[in-house]
Each structure stands twice: as C-alpha cells, then as structure tokens.
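Dumped coords.cif below, it's mmCIF, C-alpha atoms:
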data_entry
#
loop_
_atom_site.label_atom_id
_atom_site.label_comp_id
_atom_site.auth_asym_id
_atom_site.auth_seq_id
_atom_site.Cartn_x
_atom_site.Cartn_y
_atom_site.Cartn_z
CA MET A 20 -2.82 251.46 73.12
CA SER A 21 -6.56 251.49 73.81
CA PRO A 22 -8.67 248.40 73.16
CA ALA A 23 -10.71 248.46 69.97
CA ALA A 24 -14.36 249.16 70.51
CA ALA A 25 -16.63 246.24 69.78
CA PRO A 26 -18.67 246.81 66.63
CA ALA A 27 -22.21 247.93 67.30
CA VAL A 28 -24.90 245.32 66.91
CA ARG A 29 -27.41 246.34 64.27
CA ARG A 30 -30.95 244.98 64.62
CA ILE A 31 -32.97 243.97 61.59
CA LEU A 32 -36.69 243.28 61.68
CA THR A 33 -38.10 241.20 58.83
CA VAL A 34 -41.86 241.26 58.34
CA GLU A 35 -42.81 238.26 56.19
CA ASP A 36 -45.89 236.07 56.49
CA GLU A 37 -44.47 232.99 54.72
CA PRO A 38 -42.62 230.98 57.40
CA ASP A 39 -40.19 229.42 54.88
CA HIS A 40 -39.28 232.84 53.47
CA LEU A 41 -38.86 234.30 56.96
CA MET A 42 -36.59 231.40 57.94
CA ALA A 43 -34.55 231.81 54.74
CA VAL A 44 -33.96 235.52 55.44
CA GLU A 45 -33.05 234.72 59.04
CA MET A 46 -30.51 232.14 57.86
CA LEU A 47 -28.99 234.73 55.51
CA PHE A 48 -28.23 237.08 58.36
CA ARG A 49 -27.46 234.50 61.05
CA GLY A 50 -23.84 234.29 59.93
CA GLU A 51 -23.36 238.03 59.47
CA PRO A 52 -21.29 239.53 62.29
CA GLY A 53 -22.85 242.41 64.15
CA ILE A 54 -26.43 241.69 62.99
CA GLU A 55 -29.25 240.63 65.28
CA PHE A 56 -32.35 239.29 63.54
CA PHE A 57 -35.99 239.68 64.55
CA GLY A 58 -38.86 238.19 62.56
CA ALA A 59 -42.59 238.91 62.44
CA GLY A 60 -45.36 237.25 60.43
CA THR A 61 -47.80 240.15 60.68
CA THR A 62 -47.69 243.89 61.17
CA ALA A 63 -49.19 243.40 64.66
CA GLU A 64 -46.20 241.22 65.57
CA ALA A 65 -43.89 243.82 64.04
CA ASP A 66 -45.53 246.56 66.14
CA ALA A 67 -44.92 244.50 69.29
CA ILE A 68 -41.24 244.06 68.42
CA LEU A 69 -40.84 247.77 67.63
CA LYS A 70 -42.31 248.64 71.05
CA ARG A 71 -39.82 246.52 72.96
CA GLN A 72 -36.71 246.64 70.76
CA ALA A 73 -34.67 249.34 69.04
CA ILE A 74 -34.59 248.35 65.36
CA ASP A 75 -32.08 249.71 62.84
CA LEU A 76 -33.67 248.51 59.58
CA ILE A 77 -36.86 246.78 58.43
CA LEU A 78 -37.15 244.27 55.59
CA LEU A 79 -40.82 244.38 54.63
CA ASP A 80 -42.91 242.07 52.49
CA LEU A 81 -45.66 244.05 50.80
CA ALA A 82 -48.20 241.18 50.67
CA LEU A 83 -49.17 240.55 54.27
CA PRO A 84 -52.39 239.28 55.87
CA GLY A 85 -54.52 242.02 57.38
CA GLU A 86 -52.60 245.27 57.08
CA ASP A 87 -50.38 245.15 53.99
CA GLY A 88 -46.78 246.30 53.86
CA LEU A 89 -47.54 249.61 52.15
CA SER A 90 -50.04 250.60 54.85
CA PHE A 91 -47.67 249.48 57.61
CA CYS A 92 -44.79 251.52 56.19
CA ARG A 93 -46.98 254.59 55.72
CA ARG A 94 -48.25 254.25 59.31
CA ILE A 95 -44.87 253.87 60.98
CA LYS A 96 -43.23 256.58 58.86
CA ALA A 97 -45.93 258.99 60.08
CA GLN A 98 -44.50 258.58 63.60
CA GLU A 99 -41.59 260.83 64.48
CA ARG A 100 -39.52 258.06 66.05
CA TYR A 101 -39.65 255.87 62.92
CA ARG A 102 -39.48 258.61 60.28
CA ASP A 103 -35.78 257.93 59.54
CA LEU A 104 -35.90 254.15 60.04
CA PRO A 105 -34.76 252.54 56.77
CA VAL A 106 -37.31 250.17 55.23
CA ILE A 107 -36.50 247.85 52.34
CA ALA A 108 -39.52 246.38 50.57
CA PHE A 109 -39.63 243.06 48.81
CA SER A 110 -42.45 241.48 46.89
CA ALA A 111 -43.56 239.17 44.11
CA PHE A 112 -45.87 241.99 42.96
CA PRO A 113 -45.00 243.58 39.60
CA ARG A 114 -42.05 245.92 40.09
CA GLN A 115 -43.33 248.50 37.59
CA ILE A 116 -46.35 249.13 39.83
CA TYR A 117 -45.22 248.40 43.37
CA GLU A 118 -41.69 249.78 43.49
CA SER A 119 -42.96 253.33 43.02
CA ARG A 120 -45.73 252.77 45.58
CA ALA A 121 -43.20 251.43 48.07
CA ARG A 122 -40.95 254.45 47.60
CA GLU A 123 -43.93 256.83 47.94
CA VAL A 124 -44.66 255.49 51.44
CA GLY A 125 -41.01 255.75 52.51
CA CYS A 126 -39.19 252.56 51.47
CA ILE A 127 -35.58 253.22 50.50
CA ASP A 128 -35.11 250.12 48.34
CA TYR A 129 -37.13 247.41 46.61
CA PHE A 130 -36.36 243.77 45.78
CA ASP A 131 -38.27 241.39 43.57
CA LYS A 132 -38.96 237.92 44.91
CA PRO A 133 -37.06 235.79 44.47
CA PHE A 134 -34.03 237.95 45.20
CA HIS A 135 -30.37 237.00 45.21
CA PRO A 136 -29.18 236.63 48.81
CA ARG A 137 -25.87 238.40 48.12
CA ASP A 138 -27.74 241.43 46.71
CA LEU A 139 -30.02 241.69 49.75
CA ILE A 140 -27.12 241.41 52.21
CA ALA A 141 -25.19 244.09 50.30
CA ALA A 142 -28.20 246.43 50.30
CA VAL A 143 -28.80 245.94 54.02
CA LYS A 144 -25.16 246.65 54.83
CA ARG A 145 -25.14 249.70 52.56
CA HIS A 146 -28.27 251.16 54.14
CA LEU A 147 -27.10 250.37 57.69
CA ALA A 148 -23.81 252.13 56.97
CA GLY A 149 -25.75 255.19 55.86
CA SER A 150 -27.96 255.34 58.93
#
Produce structure tokens that represent the structure in this file.
Amino acid sequence: MSPAAAPAVRRILTVEDEPDHLMAVEMLFRGEPGIEFFGAGTTAEADAILKRQAIDLILLDLALPGEDGLSFCRRIKAQERYRDLPVIAFSAFPRQIYESRAREVGCIDYFDKPFHPRDLIAAVKRHLAGS
C-alpha cells in the first residue's frame, strides 16, 4: 500500500486596499486546508507577489488606488504566463455595469460587496478544481 500523496497547496492572492476587508478575506481562508493566502493592498504589491510566488487564483477588488482592478486584470491577462490564471472580481460597484466589464478583461466570476463568505469559498474551490 503506497502512502497517500499530500494534497497540493493552492495559493490565493487577494488584492484589496481596505485593510479590514483584506483581513476578513484572509480569515476566511486561514482555516481552509490546502490554501495559502497572500494579500496585497495595491496592484504594485500584487505585481511583487506574482514575481516571487506561483499563484493559483486571484481575488481582485475593482476599486483600488492608482491602477484599478480592471486595468490590472487586463494587463496581467495580456501576459502569456498569467493568461489562464483565474481571477475573481469583487466590488461595491453596480453589478449591472461592472460585472460585464470584469468579464471582458478576463475575470471568471464576480461578487458584490458585501458577499456571503460561504459563497466566496465555494466559488474559489470550484475554480481551483477547474484549473
């Protein structure tokens, strides 16, 4: 009987400029087995994390200081190495306008703020299973 392989650790990067929101998302995933959390308050911080760490999924706030989430997603999706990286957008912006914009730049899902934690965790797991 061969030993069971340890489950792969999946790395999630959350880009959120509100420290309380970033901490809340981190706490959501802290107890999830097999998930390693990385947080960034700006797209520049996110770029630095992407350069040094293999990331499996990005949770992306659309309203960020400096470069907004839509521009960030468009920019990274233009790079071959991030083209297939799943990005889930979340925002307090009106869904009827921003969900379609988020999908146009490559986001695979969209959540309104505030979102239900159970729904976000389920979406992350679903998209990680598909990648």
Spatial neighbours of Gln115 of chain A, max dist 12 Å, only C-alpha atoms, sep filter under 4 positions, as a list of chain:residue names: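 Final neighbour list, sorted by chain and number: A:Ser110, A:Ala111, A:Ser119, A:Arg120, A:Ala121, A:Arg122, A:Tyr129, A:Phe130, A:Asp131.
Counting only C-alpha atoms, the residue from A:Arg49, A:Ala108, A:Tyr101, A:Met42 that sits nearest to Lys70 of chain A is A:Tyr101.
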Residue nearest His40 of chain A among A:Glu99, A:Asp138, A:Asp75, A:Asp80 (counting all atoms listed in the file): A:Asp80
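Atom to atom, atom CA of Ala97 of chain A and atom CA of Pro38 of chain A stand 28.3 Å apart.
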Atom CA of Phe57 of chain A to atom CA of Ser90 of chain A, distance in Å rounded to a single decimal: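 Computing the Euclidean distance for atom CA of Phe57 of chain A and atom CA of Ser90 of chain A yields 20.3 Å.
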His146 of chain A environment, 12 Å, only C-alpha atoms, sequence neighbours closer than 2 positions dropped, as an MDAnalysis selection string: chainID A and resid 29 31 75:78 103:107 126:128 139:144 148:150
Selection near Glu64 of chain A, 12 Å with all atoms listed in the file, sequence-local residues under 4 positions removed, as a VMD selection string: chain A and resid 32 to 36 57 to 60 68 to 71 83 to 86 91
